[in-house]
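What follows is the content of final.cif (mmCIF, C-alpha atoms).
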```
data_run
loop_
_atom_site.group_PDB
_atom_site.id
_atom_site.type_symbol
_atom_site.label_atom_id
_atom_site.label_comp_id
_atom_site.auth_asym_id
_atom_site.auth_seq_id
_atom_site.Cartn_x
_atom_site.Cartn_y
_atom_site.Cartn_z
ATOM 1 C CA MET A 1 16.412 8.171 -2.975
ATOM 2 C CA LYS A 2 14.054 5.750 -1.274
ATOM 3 C CA ARG A 3 10.702 6.806 0.165
ATOM 4 C CA PHE A 4 8.967 5.149 3.129
ATOM 5 C CA HIS A 5 5.438 3.902 2.389
ATOM 6 C CA VAL A 6 2.432 3.345 4.664
ATOM 7 C CA HIS A 7 -0.970 2.093 3.456
ATOM 8 C CA VAL A 8 -3.941 2.394 5.836
ATOM 9 C CA GLY A 9 -7.423 0.919 5.406
ATOM 10 C CA VAL A 10 -10.170 3.369 6.417
ATOM 11 C CA ALA A 11 -13.918 3.157 7.084
ATOM 12 C CA ASP A 12 -14.818 6.635 5.779
ATOM 13 C CA LEU A 13 -12.632 7.916 2.957
ATOM 14 C CA ASP A 14 -13.935 11.500 3.001
ATOM 15 C CA ALA A 15 -13.452 11.893 6.770
ATOM 16 C CA SER A 16 -9.984 10.356 6.509
ATOM 17 C CA ILE A 17 -8.979 12.625 3.612
ATOM 18 C CA ALA A 18 -10.045 15.649 5.670
ATOM 19 C CA PHE A 19 -8.140 14.388 8.730
ATOM 20 C CA TYR A 20 -4.893 13.506 6.944
ATOM 21 C CA SER A 21 -4.982 16.664 4.784
ATOM 22 C CA GLY A 22 -5.101 18.692 7.987
ATOM 23 C CA LEU A 23 -2.424 16.580 9.658
ATOM 24 C CA PHE A 24 -0.054 16.807 6.676
ATOM 25 C CA GLY A 25 -0.945 20.393 5.721
ATOM 26 C CA SER A 26 -1.619 19.372 2.113
ATOM 27 C CA GLU A 27 -4.219 17.764 -0.101
ATOM 28 C CA PRO A 28 -3.679 14.281 -1.578
ATOM 29 C CA ALA A 29 -1.596 14.002 -4.758
ATOM 30 C CA VAL A 30 -4.033 11.319 -5.976
ATOM 31 C CA THR A 31 -7.727 11.021 -5.130
ATOM 32 C CA LYS A 32 -10.034 8.277 -6.425
ATOM 33 C CA ALA A 33 -13.476 7.099 -5.297
ATOM 34 C CA ASP A 34 -11.880 4.473 -3.007
ATOM 35 C CA TYR A 35 -8.301 5.711 -2.557
ATOM 36 C CA ALA A 36 -6.121 8.727 -1.746
ATOM 37 C CA LYS A 37 -2.350 9.212 -1.625
ATOM 38 C CA TRP A 38 -0.044 11.920 -0.293
ATOM 39 C CA MET A 39 3.544 12.157 -1.576
ATOM 40 C CA LEU A 40 5.213 14.095 1.223
ATOM 41 C CA ASP A 41 8.767 15.416 1.155
ATOM 42 C CA ASP A 42 9.055 16.224 4.864
ATOM 43 C CA PRO A 43 8.991 13.542 6.091
ATOM 44 C CA ARG A 44 9.737 11.713 2.834
ATOM 45 C CA ILE A 45 6.760 9.344 2.750
ATOM 46 C CA ASN A 46 4.204 7.868 0.367
ATOM 47 C CA PHE A 47 1.105 7.728 2.596
ATOM 48 C CA ALA A 48 -1.967 6.036 1.109
ATOM 49 C CA ILE A 49 -5.455 5.260 2.374
ATOM 50 C CA SER A 50 -8.168 3.123 0.842
ATOM 51 C CA GLN A 51 -11.751 2.178 1.576
ATOM 52 C CA LYS A 52 -12.430 -1.356 0.395
ATOM 53 C CA CYS A 53 -15.502 -3.409 1.233
ATOM 54 C CA GLY A 54 -14.562 -6.029 3.819
ATOM 55 C CA ALA A 55 -10.933 -4.895 4.162
ATOM 56 C CA ALA A 56 -9.263 -4.466 7.530
ATOM 57 C CA LYS A 57 -9.105 -0.974 8.976
ATOM 58 C CA GLY A 58 -5.757 0.309 10.176
ATOM 59 C CA ILE A 59 -2.279 -0.289 8.811
ATOM 60 C CA GLU A 60 -2.518 -2.660 5.845
ATOM 61 C CA HIS A 61 1.185 -2.742 5.018
ATOM 62 C CA LEU A 62 4.436 -0.812 5.079
ATOM 63 C CA GLY A 63 6.894 -0.442 2.257
ATOM 64 C CA MET A 64 9.943 0.997 0.610
ATOM 65 C CA GLN A 65 9.433 2.848 -2.684
ATOM 66 C CA VAL A 66 12.489 3.215 -4.902
ATOM 67 C CA GLU A 67 13.245 5.507 -7.829
ATOM 68 C CA ASP A 68 15.190 3.240 -10.193
ATOM 69 C CA GLN A 69 16.102 -0.362 -11.041
ATOM 70 C CA ALA A 70 19.417 -0.180 -9.154
ATOM 71 C CA GLU A 71 17.663 0.752 -5.897
ATOM 72 C CA LEU A 72 15.055 -1.939 -6.557
ATOM 73 C CA ALA A 73 17.780 -4.574 -6.989
ATOM 74 C CA GLU A 74 19.403 -3.404 -3.741
ATOM 75 C CA VAL A 75 16.154 -3.645 -1.757
ATOM 76 C CA TYR A 76 15.230 -7.005 -3.363
ATOM 77 C CA GLY A 77 18.633 -8.312 -2.267
ATOM 78 C CA ARG A 78 17.874 -7.264 1.294
ATOM 79 C CA LEU A 79 14.486 -8.978 1.173
ATOM 80 C CA LYS A 80 16.072 -12.234 0.036
ATOM 81 C CA ALA A 81 18.796 -11.964 2.694
ATOM 82 C CA ALA A 82 16.170 -11.600 5.457
ATOM 83 C CA ASN A 83 15.587 -15.374 5.493
ATOM 84 C CA ARG A 84 11.805 -15.035 5.200
ATOM 85 C CA PRO A 85 9.508 -16.132 2.358
ATOM 86 C CA VAL A 86 9.414 -13.489 -0.399
ATOM 87 C CA LEU A 87 6.483 -13.059 -2.783
ATOM 88 C CA GLU A 88 7.993 -11.770 -6.031
ATOM 89 C CA GLU A 89 5.006 -10.221 -7.756
ATOM 90 C CA GLY A 90 6.986 -8.583 -10.569
ATOM 91 C CA ALA A 91 5.135 -6.233 -12.921
ATOM 92 C CA THR A 92 1.642 -5.553 -11.602
ATOM 93 C CA THR A 93 -1.130 -2.995 -11.287
ATOM 94 C CA CYS A 94 -1.764 -1.832 -7.738
ATOM 95 C CA CYS A 95 -3.265 1.281 -6.206
ATOM 96 C CA TYR A 96 -3.917 2.929 -9.574
ATOM 97 C CA ALA A 97 -0.264 2.516 -10.583
ATOM 98 C CA GLN A 98 1.840 0.166 -12.706
ATOM 99 C CA SER A 99 4.669 -1.126 -10.559
ATOM 100 C CA GLU A 100 7.253 -3.837 -10.145
ATOM 101 C CA LYS A 101 7.174 -5.216 -6.620
ATOM 102 C CA SER A 102 7.921 -7.910 -4.091
ATOM 103 C CA TRP A 103 6.491 -8.565 -0.638
ATOM 104 C CA ILE A 104 7.797 -9.990 2.654
ATOM 105 C CA ALA A 105 6.385 -10.376 6.181
ATOM 106 C CA ASP A 106 8.454 -9.765 9.285
ATOM 107 C CA PRO A 107 8.569 -12.404 12.057
ATOM 108 C CA ASP A 108 5.424 -10.897 13.607
ATOM 109 C CA GLY A 109 3.437 -10.926 10.363
ATOM 110 C CA VAL A 110 3.779 -7.237 9.403
ATOM 111 C CA VAL A 111 3.679 -7.150 5.595
ATOM 112 C CA TRP A 112 6.251 -5.017 3.731
ATOM 113 C CA GLU A 113 6.442 -4.222 0.036
ATOM 114 C CA ALA A 114 9.380 -3.056 -2.059
ATOM 115 C CA PHE A 115 8.377 -1.387 -5.313
ATOM 116 C CA LEU A 116 9.273 0.757 -8.297
ATOM 117 C CA THR A 117 6.417 2.637 -9.954
ATOM 118 C CA ASN A 118 6.483 2.850 -13.745
ATOM 119 C CA GLY A 119 3.273 4.792 -14.444
ATOM 120 C CA ASP A 120 -0.377 5.406 -13.649
ATOM 121 C CA SER A 121 -3.319 3.045 -14.144
ATOM 122 C CA THR A 122 -7.038 3.702 -14.504
ATOM 123 C CA VAL A 123 -7.876 0.668 -12.300
ATOM 124 C CA TYR A 124 -7.021 -0.107 -8.664
ATOM 125 C CA GLY A 125 -5.609 -3.533 -9.540
ATOM 126 C CA ASP A 126 -5.609 -6.920 -7.863
ATOM 127 C CA SER A 127 -4.411 -7.866 -4.404
ATOM 128 C CA PRO A 128 -1.655 -10.472 -4.237
ATOM 129 C CA ASP A 129 -2.149 -13.771 -2.399
ATOM 130 C CA PHE A 130 -0.230 -13.244 0.832
ATOM 131 C CA ALA A 131 -0.642 -16.879 1.980
ATOM 132 C CA ALA A 132 3.037 -17.601 1.262
ATOM 133 C CA LEU A 133 4.028 -14.809 3.650
ATOM 134 C CA ALA A 134 2.213 -16.155 6.715
ATOM 135 C CA SER A 135 4.387 -15.803 9.779
ATOM 136 C CA SER A 136 4.632 -18.680 12.232
ATOM 137 C CA ASN A 137 5.275 -16.096 14.969
ATOM 138 C CA ALA A 138 2.115 -14.053 14.325
ATOM 139 C CA ALA A 139 -0.815 -15.111 16.491
ATOM 140 C CA ALA A 140 -4.050 -15.565 14.577
ATOM 141 C CA GLY A 141 -6.688 -13.179 15.856
ATOM 142 C CA ALA A 142 -4.302 -11.343 18.184
ATOM 143 C CA CYS A 143 -5.794 -8.232 19.714
ATOM 144 C CA CYS A 144 -4.473 -4.811 18.767
ATOM 145 C CA ALA A 145 -2.854 -6.161 15.584
ATOM 146 C CA PRO A 146 -4.253 -5.428 12.131
ATOM 147 C CA GLN A 147 -5.092 -8.478 10.068
ATOM 148 C CA MET A 148 -4.106 -8.798 6.415
ATOM 149 C CA ALA A 149 -6.943 -7.483 4.287
ATOM 150 C CA ALA A 150 -8.762 -9.942 2.060
ATOM 151 C CA PRO A 151 -9.341 -8.823 -1.531
ATOM 152 C CA ALA A 152 -12.670 -7.034 -1.804
ATOM 153 C CA PRO A 153 -15.335 -8.582 -4.022
ATOM 154 C CA SER A 154 -15.753 -6.684 -7.273
ATOM 155 C CA SER A 155 -19.359 -5.862 -6.373
ATOM 156 C CA CYS A 156 -18.291 -3.712 -3.417
ATOM 157 C CA ALA A 157 -18.593 -0.024 -4.078
ATOM 158 C CA PRO A 158 -17.159 2.680 -1.841
ATOM 159 C CA SER A 159 -19.601 5.040 -0.198
ATOM 160 C CA SER A 160 -17.381 7.977 -1.062
ATOM 161 C CA SER A 161 -17.778 10.224 -4.070
ATOM 162 C CA SER A 162 -14.293 11.674 -4.186
ATOM 163 C CA PRO A 163 -13.192 13.735 -7.183
ATOM 164 C CA PRO A 164 -11.172 12.159 -9.990
ATOM 165 C CA SER A 165 -7.430 11.820 -9.659
ATOM 166 C CA SER A 166 -4.933 14.556 -9.914
ATOM 167 C CA SER A 167 -1.964 13.118 -11.749
ATOM 168 C CA SER A 168 0.905 11.453 -9.973
ATOM 169 C CA SER A 169 3.024 8.399 -10.537
ATOM 170 C CA SER A 170 3.734 6.041 -7.674
ATOM 171 C CA CYS A 171 1.994 3.086 -6.184
ATOM 172 C CA CYS A 172 -0.153 2.927 -3.131
#
```

Would you mind giving the structure from this file in structure tokens?
Amino acid sequence: MKRFHVHVGVADLDASIAFYSGLFGSEPAVTKADYAKWMLDDPRINFAISQKCGAAKGIEHLGMQVEDQAELAEVYGRLKAANRPVLEEGATTCCYAQSEKSWIADPDGVVWEAFLTNGDSTVYGDSPDFAALASSNAAAGACCAPQMAAPAPSSCAPSSSSPPSSSSSSCC
């Protein structure tokens, strides 16, 4: 069964963890110094937040998480049929997880990912180059619209001192 995914960039990880834990009525399944993730069953959602130096605040991307290769093939087929550029990242490390994924942007520039998580990682991972996904319909610098986050320099350190991760598989 597929799970909807939302990833939000935040300015204060600790304040955001407290807010979303109260909103969802549960603590994160994964907590790192710069990242937290809730795996909710009602509604069925993978909700992640991260605090990265220089990254945009607000919705970073949306996604569809799948549970097996057959679902992944189905979603990949839909991405390709959408007649938009697709970034096929393949096997990668992202959000403290090892995943296989592809990305697409809708006509207004909203970035979507489709992914299958294969295990945990001890590192956050690298951000893909979304340049190929640029939408000709998305206005540069439009108000009220989140911008795609640039990869944070490796020297950036979060101001949060969140506890180490509780175990969970699944990206972002």

Original post:
Just how far from CA of Trp103 (chain A) is CA of Leu133 (chain A), in Å to one decimal?
Top reply: 8.0 Å

Subject >> Residues in the PyMOL selection byres ((chain A and resi 108-114) around 6), expressed as a count of residues only >> reply: 16

Subject >> For Gly25 (chain A): contacts at 12 Å, only C-alpha atoms, fewer than 6 positions along chain excluded, given as an MDAnalysis selection string >> reply: chainID A and resid 17:19 38:42

**OP:** Using only C-alpha atoms, give me every residue within 6 Å of (-3.8, -15.2, 1.6) in file coordinates, as a PyMOL selection string.
**Re:** chain A and resi 129-131

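Around region 1-9 of chain A, within 8 Å and counting only C-alpha atoms, the residues found are Arg44, Ile45, Asn46, Phe47, Ala48, Ile49, Ser50, Gln51, Lys52, Ala55, Ala56, Lys57, Gly58, Ile59, Glu60, His61, Leu62, Gly63, Met64, Gln65, Val66, Glu67, Glu71 and Cys172 of chain A, once anything fewer than 6 positions away on its own chain is removed.
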
Given the PyMOL selection byres ((chain A and resi 15) around 12) and the file above, list the residues it selects as a CSV table (one decimal) with C-alpha atoms, in the coordinates of the input.
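Output below, filename result.csv:
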```csv
chain,number,residue,atom,x,y,z
A,10,VAL,CA,-10.2,3.4,6.4
A,11,ALA,CA,-13.9,3.2,7.1
A,12,ASP,CA,-14.8,6.6,5.8
A,13,LEU,CA,-12.6,7.9,3.0
A,14,ASP,CA,-13.9,11.5,3.0
A,16,SER,CA,-10.0,10.4,6.5
A,17,ILE,CA,-9.0,12.6,3.6
A,18,ALA,CA,-10.0,15.6,5.7
A,19,PHE,CA,-8.1,14.4,8.7
A,20,TYR,CA,-4.9,13.5,6.9
A,21,SER,CA,-5.0,16.7,4.8
A,22,GLY,CA,-5.1,18.7,8.0
A,36,ALA,CA,-6.1,8.7,-1.7
A,49,ILE,CA,-5.5,5.3,2.4
A,50,SER,CA,-8.2,3.1,0.8
A,51,GLN,CA,-11.8,2.2,1.6
A,159,SER,CA,-19.6,5.0,-0.2
A,160,SER,CA,-17.4,8.0,-1.1
A,161,SER,CA,-17.8,10.2,-4.1
A,162,SER,CA,-14.3,11.7,-4.2
```

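The closest residue to Ala97 (chain A), picked from A:Val75, A:Asp120, A:Tyr35, A:Ala82 and counting only C-alpha atoms, is A:Asp120.
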
Original post:
Quick one, how far is CA of Pro128 (chain A) from CA of Cys94 (chain A)?
Top reply: 9.3 Å

Original post:
Nearest to Ser99 (chain A) among A:Glu74, A:Asp68, A:Glu27, A:Asp34, with distances taken over only C-alpha atoms: which residue is it?
Top reply: A:Asp68

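CA of Gln69 (chain A) is found 7.4 Å from CA of Leu116 (chain A).
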
Using all atoms of region 50-60 of chain A that appear in the file, construct an axis-aligned enclosing box with 6 Å of padding on every side and provide its centre coordinates and edge lengths in Å, rounded to one decimal, as JSON.
```
{"center_x": -8.9, "center_y": -1.5, "center_z": 5.3, "size_x": 25.2, "size_y": 21.2, "size_z": 21.8}
```

Original post:
Written as a ChimeraX atom specification, which residues does the PyMOL selection byres ((chain A and resi 121) around 8) give for the file shown?
Top reply: /A:93,96-98,119-120,122-124

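The smallest atom-to-atom distance between Glu100 (chain A) and any of A:Asp126, A:Ala33, A:Thr117, A:Pro28, using only C-alpha atoms, is found for A:Thr117.
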
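Taking all atoms listed in the file into account, Thr92 (chain A) lies nearest to A:Ser127 out of the set A:Gly77, A:Ala70, A:Pro43, A:Ser127.
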
Would you mind completing region 36-48 of chain A so that it carries N, CA and C atoms, and writing it out as a compact mmCIF listing (two decimals), keeping the file's coordinate frame?
```
# COMPACT_ATOMS: atom_id res chain seq x y z
N ALA A 36 -6.81 7.43 -1.72
CA ALA A 36 -6.12 8.73 -1.75
C ALA A 36 -4.67 8.50 -1.36
N LYS A 37 -3.78 9.35 -1.90
CA LYS A 37 -2.35 9.21 -1.62
C LYS A 37 -1.71 10.59 -1.50
N TRP A 38 -0.86 10.73 -0.49
CA TRP A 38 -0.04 11.92 -0.29
C TRP A 38 1.40 11.54 -0.56
N MET A 39 2.11 12.35 -1.33
CA MET A 39 3.54 12.16 -1.58
C MET A 39 4.26 13.30 -0.86
N LEU A 40 4.63 13.06 0.38
CA LEU A 40 5.21 14.10 1.22
C LEU A 40 6.73 14.10 1.11
N ASP A 41 7.31 15.29 1.19
CA ASP A 41 8.77 15.42 1.16
C ASP A 41 9.37 15.61 2.54
N ASP A 42 8.55 16.03 3.51
CA ASP A 42 9.06 16.22 4.86
C ASP A 42 7.98 15.82 5.86
N PRO A 43 8.00 14.59 6.35
CA PRO A 43 8.99 13.54 6.09
C PRO A 43 8.77 12.92 4.72
N ARG A 44 9.80 12.32 4.17
CA ARG A 44 9.74 11.71 2.83
C ARG A 44 8.95 10.41 2.93
N ILE A 45 7.65 10.49 2.60
CA ILE A 45 6.76 9.34 2.75
C ILE A 45 5.69 9.33 1.67
N ASN A 46 5.34 8.14 1.24
CA ASN A 46 4.20 7.87 0.37
C ASN A 46 3.14 7.31 1.30
N PHE A 47 2.15 8.13 1.65
CA PHE A 47 1.10 7.73 2.60
C PHE A 47 -0.19 7.55 1.84
N ALA A 48 -0.75 6.34 1.86
CA ALA A 48 -1.97 6.04 1.11
C ALA A 48 -3.05 5.51 2.04
```
